[in-house]
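Enquirer: Dropping in target-v7.cif, with mmCIF, C-alpha atoms; chains and numbers go by the auth columns.
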data_final
#
loop_
_atom_site.group_PDB
_atom_site.id
_atom_site.type_symbol
_atom_site.label_atom_id
_atom_site.label_comp_id
_atom_site.label_asym_id
_atom_site.label_seq_id
_atom_site.Cartn_x
_atom_site.Cartn_y
_atom_site.Cartn_z
_atom_site.B_iso_or_equiv
_atom_site.auth_seq_id
_atom_site.auth_asym_id
ATOM 1 C CA MET A 1 173.757 189.623 -119.223 0.00 1 T
ATOM 2 C CA THR A 2 176.483 192.018 -120.330 0.00 2 T
ATOM 3 C CA TYR A 3 175.456 195.315 -121.830 0.00 3 T
ATOM 4 C CA GLN A 4 177.499 198.069 -123.382 0.00 4 T
ATOM 5 C CA LEU A 5 176.816 201.700 -122.531 0.00 5 T
ATOM 6 C CA ARG A 6 177.855 204.542 -124.816 0.00 6 T
ATOM 7 C CA LYS A 7 176.964 208.055 -125.860 0.00 7 T
ATOM 8 C CA MET A 8 173.966 208.395 -128.138 0.00 8 T
ATOM 9 C CA THR A 9 174.511 209.815 -131.615 0.00 9 T
ATOM 10 C CA GLU A 10 172.144 210.968 -134.325 0.00 10 T
ATOM 11 C CA ASN A 11 172.800 207.646 -136.068 0.00 11 T
ATOM 12 C CA ASP A 12 171.061 205.903 -133.152 0.00 12 T
ATOM 13 C CA TRP A 13 167.800 207.762 -133.791 0.00 13 T
ATOM 14 C CA PRO A 14 166.043 205.001 -135.796 0.00 14 T
ATOM 15 C CA GLU A 15 166.482 202.529 -132.920 0.00 15 T
ATOM 16 C CA VAL A 16 165.947 205.162 -130.218 0.00 16 T
ATOM 17 C CA SER A 17 162.701 206.343 -131.817 0.00 17 T
ATOM 18 C CA ARG A 18 161.500 202.728 -132.186 0.00 18 T
ATOM 19 C CA ILE A 19 162.117 202.148 -128.467 0.00 19 T
ATOM 20 C CA TYR A 20 160.416 205.453 -127.652 0.00 20 T
ATOM 21 C CA GLN A 21 157.381 204.407 -129.714 0.00 21 T
ATOM 22 C CA GLU A 22 157.244 201.097 -127.840 0.00 22 T
ATOM 23 C CA GLY A 23 157.145 203.076 -124.600 0.00 23 T
ATOM 24 C CA MET A 24 154.367 205.296 -125.942 0.00 24 T
ATOM 25 C CA ASP A 25 152.411 202.207 -126.952 0.00 25 T
ATOM 26 C CA THR A 26 152.291 201.023 -123.310 0.00 26 T
ATOM 27 C CA ASN A 27 150.410 204.187 -122.299 0.00 27 T
ATOM 28 C CA LEU A 28 152.562 204.111 -119.139 0.00 28 T
ATOM 29 C CA ALA A 29 155.646 206.022 -120.207 0.00 29 T
ATOM 30 C CA THR A 30 154.712 209.449 -121.549 0.00 30 T
ATOM 31 C CA PHE A 31 151.892 211.820 -122.366 0.00 31 T
ATOM 32 C CA GLN A 32 153.468 212.265 -125.793 0.00 32 T
ATOM 33 C CA SER A 33 151.239 210.746 -128.465 0.00 33 T
ATOM 34 C CA GLU A 34 153.541 210.969 -131.482 0.00 34 T
ATOM 35 C CA CYS A 35 157.215 210.225 -131.784 0.00 35 T
ATOM 36 C CA PRO A 36 159.107 213.442 -132.542 0.00 36 T
ATOM 37 C CA THR A 37 161.567 213.864 -135.368 0.00 37 T
ATOM 38 C CA TRP A 38 165.258 213.777 -134.546 0.00 38 T
ATOM 39 C CA GLU A 39 165.393 217.558 -134.875 0.00 39 T
ATOM 40 C CA GLU A 40 162.537 218.041 -132.401 0.00 40 T
ATOM 41 C CA TRP A 41 163.964 215.539 -129.937 0.00 41 T
ATOM 42 C CA ASP A 42 167.513 216.898 -130.284 0.00 42 T
ATOM 43 C CA SER A 43 166.423 220.471 -129.600 0.00 43 T
ATOM 44 C CA SER A 44 164.480 219.535 -126.453 0.00 44 T
ATOM 45 C CA HIS A 45 167.096 217.325 -124.757 0.00 45 T
ATOM 46 C CA LEU A 46 170.385 218.431 -123.246 0.00 46 T
ATOM 47 C CA LYS A 47 173.473 217.606 -125.302 0.00 47 T
ATOM 48 C CA ASP A 48 175.242 216.092 -122.274 0.00 48 T
ATOM 49 C CA CYS A 49 174.277 212.711 -120.891 0.00 49 T
ATOM 50 C CA ARG A 50 172.568 211.112 -123.876 0.00 50 T
ATOM 51 C CA LEU A 51 173.192 207.406 -123.553 0.00 51 T
ATOM 52 C CA VAL A 52 172.247 204.155 -125.249 0.00 52 T
ATOM 53 C CA VAL A 53 172.591 200.656 -123.881 0.00 53 T
ATOM 54 C CA THR A 54 173.335 197.986 -126.454 0.00 54 T
ATOM 55 C CA GLU A 55 173.264 194.242 -126.633 0.00 55 T
ATOM 56 C CA GLY A 56 175.688 193.310 -129.351 0.00 56 T
ATOM 57 C CA ASP A 57 175.246 195.939 -132.047 0.00 57 T
ATOM 58 C CA VAL A 58 171.591 196.660 -131.246 0.00 58 T
ATOM 59 C CA ALA A 59 170.385 199.517 -129.044 0.00 59 T
ATOM 60 C CA ILE A 60 167.963 198.138 -126.475 0.00 60 T
ATOM 61 C CA GLY A 61 167.464 201.283 -124.422 0.00 61 T
ATOM 62 C CA TRP A 62 168.268 204.940 -124.089 0.00 62 T
ATOM 63 C CA ALA A 63 168.373 207.691 -121.502 0.00 63 T
ATOM 64 C CA ALA A 64 168.677 211.458 -121.740 0.00 64 T
ATOM 65 C CA LEU A 65 168.153 214.628 -119.732 0.00 65 T
ATOM 66 C CA THR A 66 165.937 217.664 -120.208 0.00 66 T
ATOM 67 C CA ALA A 67 166.415 220.986 -118.446 0.00 67 T
ATOM 68 C CA VAL A 68 163.706 221.695 -115.873 0.00 68 T
ATOM 69 C CA SER A 69 164.136 225.465 -116.145 0.00 69 T
ATOM 70 C CA GLY A 70 166.053 228.110 -118.022 0.00 70 T
ATOM 71 C CA ARG A 71 166.843 229.980 -114.796 0.00 71 T
ATOM 72 C CA CYS A 72 170.485 229.787 -113.736 0.00 72 T
ATOM 73 C CA VAL A 73 169.643 228.712 -110.178 0.00 73 T
ATOM 74 C CA TYR A 74 168.240 225.460 -111.616 0.00 74 T
ATOM 75 C CA ALA A 75 171.115 224.827 -114.026 0.00 75 T
ATOM 76 C CA GLY A 76 172.066 221.702 -112.061 0.00 76 T
ATOM 77 C CA VAL A 77 168.597 220.163 -112.105 0.00 77 T
ATOM 78 C CA ALA A 78 167.427 217.951 -114.962 0.00 78 T
ATOM 79 C CA GLU A 79 164.572 215.597 -115.779 0.00 79 T
ATOM 80 C CA VAL A 80 165.301 211.995 -116.705 0.00 80 T
ATOM 81 C CA SER A 81 163.928 210.136 -119.699 0.00 81 T
ATOM 82 C CA ILE A 82 164.701 206.416 -119.813 0.00 82 T
ATOM 83 C CA TYR A 83 163.246 203.797 -122.132 0.00 83 T
ATOM 84 C CA ILE A 84 163.997 200.097 -122.600 0.00 84 T
ATOM 85 C CA ALA A 85 162.943 198.037 -125.629 0.00 85 T
ATOM 86 C CA GLU A 86 159.847 195.925 -125.086 0.00 86 T
ATOM 87 C CA GLY A 87 161.554 192.543 -125.276 0.00 87 T
ATOM 88 C CA CYS A 88 164.428 193.597 -123.011 0.00 88 T
ATOM 89 C CA ARG A 89 162.623 194.942 -119.960 0.00 89 T
ATOM 90 C CA GLY A 90 163.234 193.385 -116.563 0.00 90 T
ATOM 91 C CA ARG A 91 166.712 192.085 -117.427 0.00 91 T
ATOM 92 C CA GLY A 92 168.864 194.719 -115.703 0.00 92 T
ATOM 93 C CA ALA A 93 169.714 196.944 -118.656 0.00 93 T
ATOM 94 C CA GLY A 94 167.582 199.791 -117.300 0.00 94 T
ATOM 95 C CA ARG A 95 169.370 199.760 -113.965 0.00 95 T
ATOM 96 C CA GLU A 96 172.812 199.839 -115.600 0.00 96 T
ATOM 97 C CA LEU A 97 171.663 202.640 -117.885 0.00 97 T
ATOM 98 C CA LEU A 98 170.129 204.756 -115.110 0.00 98 T
ATOM 99 C CA LEU A 99 173.166 204.349 -112.856 0.00 99 T
ATOM 100 C CA GLU A 100 175.424 205.449 -115.717 0.00 100 T
ATOM 101 C CA LEU A 101 173.133 208.429 -116.387 0.00 101 T
ATOM 102 C CA VAL A 102 173.445 209.455 -112.730 0.00 102 T
ATOM 103 C CA HIS A 103 177.240 209.189 -112.954 0.00 103 T
ATOM 104 C CA CYS A 104 177.314 211.130 -116.245 0.00 104 T
ATOM 105 C CA SER A 105 175.008 213.823 -114.836 0.00 105 T
ATOM 106 C CA GLU A 106 177.221 214.436 -111.819 0.00 106 T
ATOM 107 C CA ASN A 107 180.293 214.697 -114.049 0.00 107 T
ATOM 108 C CA SER A 108 178.372 217.261 -116.119 0.00 108 T
ATOM 109 C CA GLY A 109 177.482 219.436 -113.106 0.00 109 T
ATOM 110 C CA PHE A 110 173.969 218.256 -112.243 0.00 110 T
ATOM 111 C CA TRP A 111 173.162 217.985 -108.548 0.00 111 T
ATOM 112 C CA THR A 112 169.524 216.891 -108.801 0.00 112 T
ATOM 113 C CA LEU A 113 167.752 214.546 -111.170 0.00 113 T
ATOM 114 C CA GLN A 114 163.995 214.217 -111.220 0.00 114 T
ATOM 115 C CA SER A 115 161.546 211.906 -112.942 0.00 115 T
ATOM 116 C CA GLY A 116 157.814 212.253 -113.412 0.00 116 T
ATOM 117 C CA ILE A 117 156.507 208.689 -113.654 0.00 117 T
ATOM 118 C CA MET A 118 152.938 207.660 -114.336 0.00 118 T
ATOM 119 C CA GLN A 119 151.481 206.411 -111.079 0.00 119 T
ATOM 120 C CA ASP A 120 150.737 202.921 -112.390 0.00 120 T
ATOM 121 C CA ASN A 121 154.176 202.428 -113.979 0.00 121 T
ATOM 122 C CA THR A 122 155.394 200.365 -111.037 0.00 122 T
ATOM 123 C CA ALA A 123 158.364 198.920 -112.940 0.00 123 T
ATOM 124 C CA SER A 124 159.798 202.400 -113.569 0.00 124 T
ATOM 125 C CA ILE A 125 159.142 203.465 -109.981 0.00 125 T
ATOM 126 C CA ARG A 126 160.977 200.369 -108.696 0.00 126 T
ATOM 127 C CA LEU A 127 163.841 200.987 -111.143 0.00 127 T
ATOM 128 C CA HIS A 128 164.296 204.541 -109.909 0.00 128 T
ATOM 129 C CA GLU A 129 164.118 203.461 -106.262 0.00 129 T
ATOM 130 C CA SER A 130 166.802 200.824 -106.915 0.00 130 T
ATOM 131 C CA CYS A 131 169.070 203.605 -108.197 0.00 131 T
ATOM 132 C CA GLY A 132 168.623 205.870 -105.172 0.00 132 T
ATOM 133 C CA PHE A 133 165.670 208.017 -106.248 0.00 133 T
ATOM 134 C CA ARG A 134 162.995 208.809 -103.686 0.00 134 T
ATOM 135 C CA MET A 135 159.386 209.795 -104.078 0.00 135 T
ATOM 136 C CA VAL A 136 158.850 213.470 -103.286 0.00 136 T
ATOM 137 C CA GLY A 137 155.236 213.845 -104.359 0.00 137 T
ATOM 138 C CA CYS A 138 152.253 212.942 -106.461 0.00 138 T
ATOM 139 C CA ARG A 139 150.966 215.273 -109.152 0.00 139 T
ATOM 140 C CA GLU A 140 147.247 214.675 -109.600 0.00 140 T
ATOM 141 C CA LYS A 141 145.683 214.900 -113.042 0.00 141 T
ATOM 142 C CA ILE A 142 148.832 216.515 -114.435 0.00 142 T
ATOM 143 C CA GLY A 143 148.150 215.461 -118.010 0.00 143 T
ATOM 144 C CA ARG A 144 145.914 213.490 -120.311 0.00 144 T
ATOM 145 C CA ASP A 145 147.081 210.290 -121.917 0.00 145 T
ATOM 146 C CA ARG A 146 146.558 209.537 -125.603 0.00 146 T
ATOM 147 C CA PHE A 147 143.028 208.288 -124.817 0.00 147 T
ATOM 148 C CA GLY A 148 142.082 211.534 -123.074 0.00 148 T
ATOM 149 C CA THR A 149 142.157 210.146 -119.528 0.00 149 T
ATOM 150 C CA TRP A 150 143.608 212.374 -116.812 0.00 150 T
ATOM 151 C CA ARG A 151 146.644 210.699 -115.233 0.00 151 T
ATOM 152 C CA ASN A 152 148.633 211.175 -112.049 0.00 152 T
ATOM 153 C CA THR A 153 152.400 211.104 -111.914 0.00 153 T
ATOM 154 C CA ILE A 154 154.795 210.290 -109.111 0.00 154 T
ATOM 155 C CA LEU A 155 157.614 212.812 -108.794 0.00 155 T
ATOM 156 C CA MET A 156 160.899 211.167 -107.877 0.00 156 T
ATOM 157 C CA GLU A 157 164.289 212.744 -107.368 0.00 157 T
ATOM 158 C CA LYS A 158 167.874 211.901 -106.676 0.00 158 T
ATOM 159 C CA ARG A 159 170.291 214.405 -105.228 0.00 159 T
ATOM 160 C CA SER A 160 173.978 214.026 -105.769 0.00 160 T
ATOM 161 C CA GLU A 161 175.923 212.759 -102.782 0.00 161 T
ATOM 162 C CA SER A 162 178.823 214.985 -103.810 0.00 162 T
ATOM 163 C CA ASP A 163 179.382 218.254 -101.969 0.00 163 T
ATOM 164 C CA ARG A 164 181.162 219.937 -104.890 0.00 164 T
ATOM 165 C CA PHE A 165 178.045 221.681 -106.197 0.00 165 T
ATOM 166 C CA ASP A 166 177.173 225.087 -104.785 0.00 166 T
ATOM 167 C CA GLY A 167 174.098 225.926 -106.870 0.00 167 T
ATOM 168 C CA SER A 168 175.073 229.539 -107.382 0.00 168 T
ATOM 169 C CA CYS A 169 174.705 231.443 -110.647 0.00 169 T
#
Show me this structure written as structure tokens.
Expert:
Amino acid sequence: MTYQLRKMTENDWPEVSRIYQEGMDTNLATFQSECPTWEEWDSSHLKDCRLVVTEGDVAIGWAALTAVSGRCVYAGVAEVSIYIAEGCRGRGAGRELLLELVHCSENSGFWTLQSGIMQDNTASIRLHESCGFRMVGCREKIGRDRFGTWRNTILMEKRSESDRFDGSC
């Protein structure tokens, strides 16, 4: 299957939010219980490295980064969000999208990407592993899902293989 990858725009929000809602509905993807507005989502995600993957003219997935800290020493560290439409999972689009996000992040000065993945979301864990992420820990009872159940997350990270980042402020 051939997919197209491109930068996300505000015009993509109806499809992006639909895909995000589908992820929320699985109870495996996020602790978020309501889909944010574009304004809320836009203000919480970094402007660089917002991507959509399309099949034809339809967005079937998206990925974006969130800062992990406001401190300058962590300016090159970001958290990954990646979502694939329900009917398109397991077909390779997520891998293409995540690999492009890694490439985009390095070009934008990020040296470490991290993902907090619900412990029983084995598909996402396998996806991240296939793109060079490694498990660095388990966070027990880090949040409650939309049904009020405490959930564990697996913390995964990928460090850039480039030596051009010095991490100084």
Enquirer: Find the residues near range 55-58 of chain T: any atom within 8 Å, counting all atoms listed in the file, skip ones fewer than 5 places away on the same chain, and give them as a ChimeraX atom specification.
Expert: /T:2-4,15
Enquirer: Between T:Tyr83, T:Phe110, T:Tyr74, T:Phe133, which is the closest to Ser168 in chain T once you count all atoms listed in the file?
Expert: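 Between T:Tyr83, T:Phe110, T:Tyr74, T:Phe133, the residue approaching Ser168 in chain T most closely is T:Tyr74.
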Enquirer: List, as a PyMOL selection string, every residue that the PyMOL selection byres ((chain T and resi 33-38) around 12) selects in the file provided.
Expert: chain T and resi 9-32+39-45+143-148
Enquirer: What does the structure give for the distance between CA of Cys138 in chain T and CA of Ile154 in chain T, in Å to one decimal?
Expert: 4.5 Å
Enquirer: Calculate how many Å separate CA of Arg164 in chain T from CA of Leu97 in chain T, rounding to one decimal.
Expert: 23.6 Å
Enquirer: Which value, in Å to one decimal, gives the distance between CA of Val68 in chain T and CA of Val52 in chain T?
Expert: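 Distance reported for this atom pair: 21.6 Å.
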Enquirer: Might I get the box with edges along x, y and z of the file that holds all atoms of range 103-114 of chain T listed there, padded by 8 Å on every side, given as centre and edge lengths in Å to one decimal, as AutoDock Vina command-line options?
Expert:
--center_x 172.1 --center_y 214.3 --center_z -112.4 --size_x 32.3 --size_y 26.2 --size_z 23.7
Enquirer: Could you write out as a ChimeraX atom specification the residues that the PyMOL selection byres ((chain T and resi 90-96) around 12) matches in the shown file?
Expert: /T:1-6,51-55,59-63,81-89,97-103,122-133
Enquirer: Just C-alpha atoms for this one: save the residues we selected as a PDB file, keeping the file's coordinate frame.
Expert:
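The resulting again13.pdb:
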ATOM      1  CA  MET T   1     173.757 189.623-119.223  1.00  0.00           C
ATOM      2  CA  THR T   2     176.483 192.018-120.330  1.00  0.00           C
ATOM      3  CA  TYR T   3     175.456 195.315-121.830  1.00  0.00           C
ATOM      4  CA  GLN T   4     177.499 198.069-123.382  1.00  0.00           C
ATOM      5  CA  LEU T   5     176.816 201.700-122.531  1.00  0.00           C
ATOM      6  CA  ARG T   6     177.855 204.542-124.816  1.00  0.00           C
ATOM      7  CA  LEU T  51     173.192 207.406-123.553  1.00  0.00           C
ATOM      8  CA  VAL T  52     172.247 204.155-125.249  1.00  0.00           C
ATOM      9  CA  VAL T  53     172.591 200.656-123.881  1.00  0.00           C
ATOM     10  CA  THR T  54     173.335 197.986-126.454  1.00  0.00           C
ATOM     11  CA  GLU T  55     173.264 194.242-126.633  1.00  0.00           C
ATOM     12  CA  ALA T  59     170.385 199.517-129.044  1.00  0.00           C
ATOM     13  CA  ILE T  60     167.963 198.138-126.475  1.00  0.00           C
ATOM     14  CA  GLY T  61     167.464 201.283-124.422  1.00  0.00           C
ATOM     15  CA  TRP T  62     168.268 204.940-124.089  1.00  0.00           C
ATOM     16  CA  ALA T  63     168.373 207.691-121.502  1.00  0.00           C
ATOM     17  CA  SER T  81     163.928 210.136-119.699  1.00  0.00           C
ATOM     18  CA  ILE T  82     164.701 206.416-119.813  1.00  0.00           C
ATOM     19  CA  TYR T  83     163.246 203.797-122.132  1.00  0.00           C
ATOM     20  CA  ILE T  84     163.997 200.097-122.600  1.00  0.00           C
ATOM     21  CA  ALA T  85     162.943 198.037-125.629  1.00  0.00           C
ATOM     22  CA  GLU T  86     159.847 195.925-125.086  1.00  0.00           C
ATOM     23  CA  GLY T  87     161.554 192.543-125.276  1.00  0.00           C
ATOM     24  CA  CYS T  88     164.428 193.597-123.011  1.00  0.00           C
ATOM     25  CA  ARG T  89     162.623 194.942-119.960  1.00  0.00           C
ATOM     26  CA  LEU T  97     171.663 202.640-117.885  1.00  0.00           C
ATOM     27  CA  LEU T  98     170.129 204.756-115.110  1.00  0.00           C
ATOM     28  CA  LEU T  99     173.166 204.349-112.856  1.00  0.00           C
ATOM     29  CA  GLU T 100     175.424 205.449-115.717  1.00  0.00           C
ATOM     30  CA  LEU T 101     173.133 208.429-116.387  1.00  0.00           C
ATOM     31  CA  VAL T 102     173.445 209.455-112.730  1.00  0.00           C
ATOM     32  CA  HIS T 103     177.240 209.189-112.954  1.00  0.00           C
ATOM     33  CA  THR T 122     155.394 200.365-111.037  1.00  0.00           C
ATOM     34  CA  ALA T 123     158.364 198.920-112.940  1.00  0.00           C
ATOM     35  CA  SER T 124     159.798 202.400-113.569  1.00  0.00           C
ATOM     36  CA  ILE T 125     159.142 203.465-109.981  1.00  0.00           C
ATOM     37  CA  ARG T 126     160.977 200.369-108.696  1.00  0.00           C
ATOM     38  CA  LEU T 127     163.841 200.987-111.143  1.00  0.00           C
ATOM     39  CA  HIS T 128     164.296 204.541-109.909  1.00  0.00           C
ATOM     40  CA  GLU T 129     164.118 203.461-106.262  1.00  0.00           C
ATOM     41  CA  SER T 130     166.802 200.824-106.915  1.00  0.00           C
ATOM     42  CA  CYS T 131     169.070 203.605-108.197  1.00  0.00           C
ATOM     43  CA  GLY T 132     168.623 205.870-105.172  1.00  0.00           C
ATOM     44  CA  PHE T 133     165.670 208.017-106.248  1.00  0.00           C
TER      45      PHE T 133
END
Enquirer: Add whatever atoms are absent from range 57-73 of chain T to reach N, CA and C atoms, and provide the output as a short mmCIF file (atom, residue, chain, number, x, y, z; two decimals), in the frame of the given file.
Expert:
data_model
loop_
_atom_site.label_atom_id
_atom_site.label_comp_id
_atom_site.auth_asym_id
_atom_site.auth_seq_id
_atom_site.Cartn_x
_atom_site.Cartn_y
_atom_site.Cartn_z
N ASP T 57 175.26 194.69 -131.28
CA ASP T 57 175.25 195.94 -132.05
C ASP T 57 173.89 196.64 -132.03
N VAL T 58 172.96 196.15 -131.23
CA VAL T 58 171.59 196.66 -131.25
C VAL T 58 171.31 197.48 -130.00
N ALA T 59 170.81 198.69 -130.18
CA ALA T 59 170.38 199.52 -129.04
C ALA T 59 169.12 198.91 -128.46
N ILE T 60 169.13 198.71 -127.15
CA ILE T 60 167.96 198.14 -126.48
C ILE T 60 167.38 199.11 -125.45
N GLY T 61 167.99 200.28 -125.34
CA GLY T 61 167.46 201.28 -124.42
C GLY T 61 168.23 202.58 -124.57
N TRP T 62 167.63 203.63 -124.04
CA TRP T 62 168.27 204.94 -124.09
C TRP T 62 167.85 205.76 -122.88
N ALA T 63 168.67 206.75 -122.59
CA ALA T 63 168.37 207.69 -121.50
C ALA T 63 168.93 209.05 -121.88
N ALA T 64 168.24 210.09 -121.45
CA ALA T 64 168.68 211.46 -121.74
C ALA T 64 168.10 212.38 -120.68
N LEU T 65 168.59 213.61 -120.69
CA LEU T 65 168.15 214.63 -119.73
C LEU T 65 167.52 215.81 -120.44
N THR T 66 166.58 216.44 -119.76
CA THR T 66 165.94 217.66 -120.21
C THR T 66 166.06 218.70 -119.09
N ALA T 67 166.34 219.92 -119.45
CA ALA T 67 166.42 220.99 -118.45
C ALA T 67 165.03 221.19 -117.83
N VAL T 68 164.99 221.43 -116.52
CA VAL T 68 163.71 221.70 -115.87
C VAL T 68 163.36 223.17 -115.89
N SER T 69 164.36 224.03 -116.13
CA SER T 69 164.14 225.46 -116.14
C SER T 69 165.28 226.13 -116.89
N GLY T 70 165.01 227.31 -117.40
CA GLY T 70 166.05 228.11 -118.02
C GLY T 70 166.74 229.04 -117.04
N ARG T 71 166.26 229.10 -115.81
CA ARG T 71 166.84 229.98 -114.80
C ARG T 71 168.15 229.39 -114.29
N CYS T 72 169.14 230.25 -114.11
CA CYS T 72 170.48 229.79 -113.74
C CYS T 72 170.51 229.04 -112.41
N VAL T 73 169.63 229.38 -111.48
CA VAL T 73 169.64 228.71 -110.18
C VAL T 73 169.25 227.24 -110.28
#
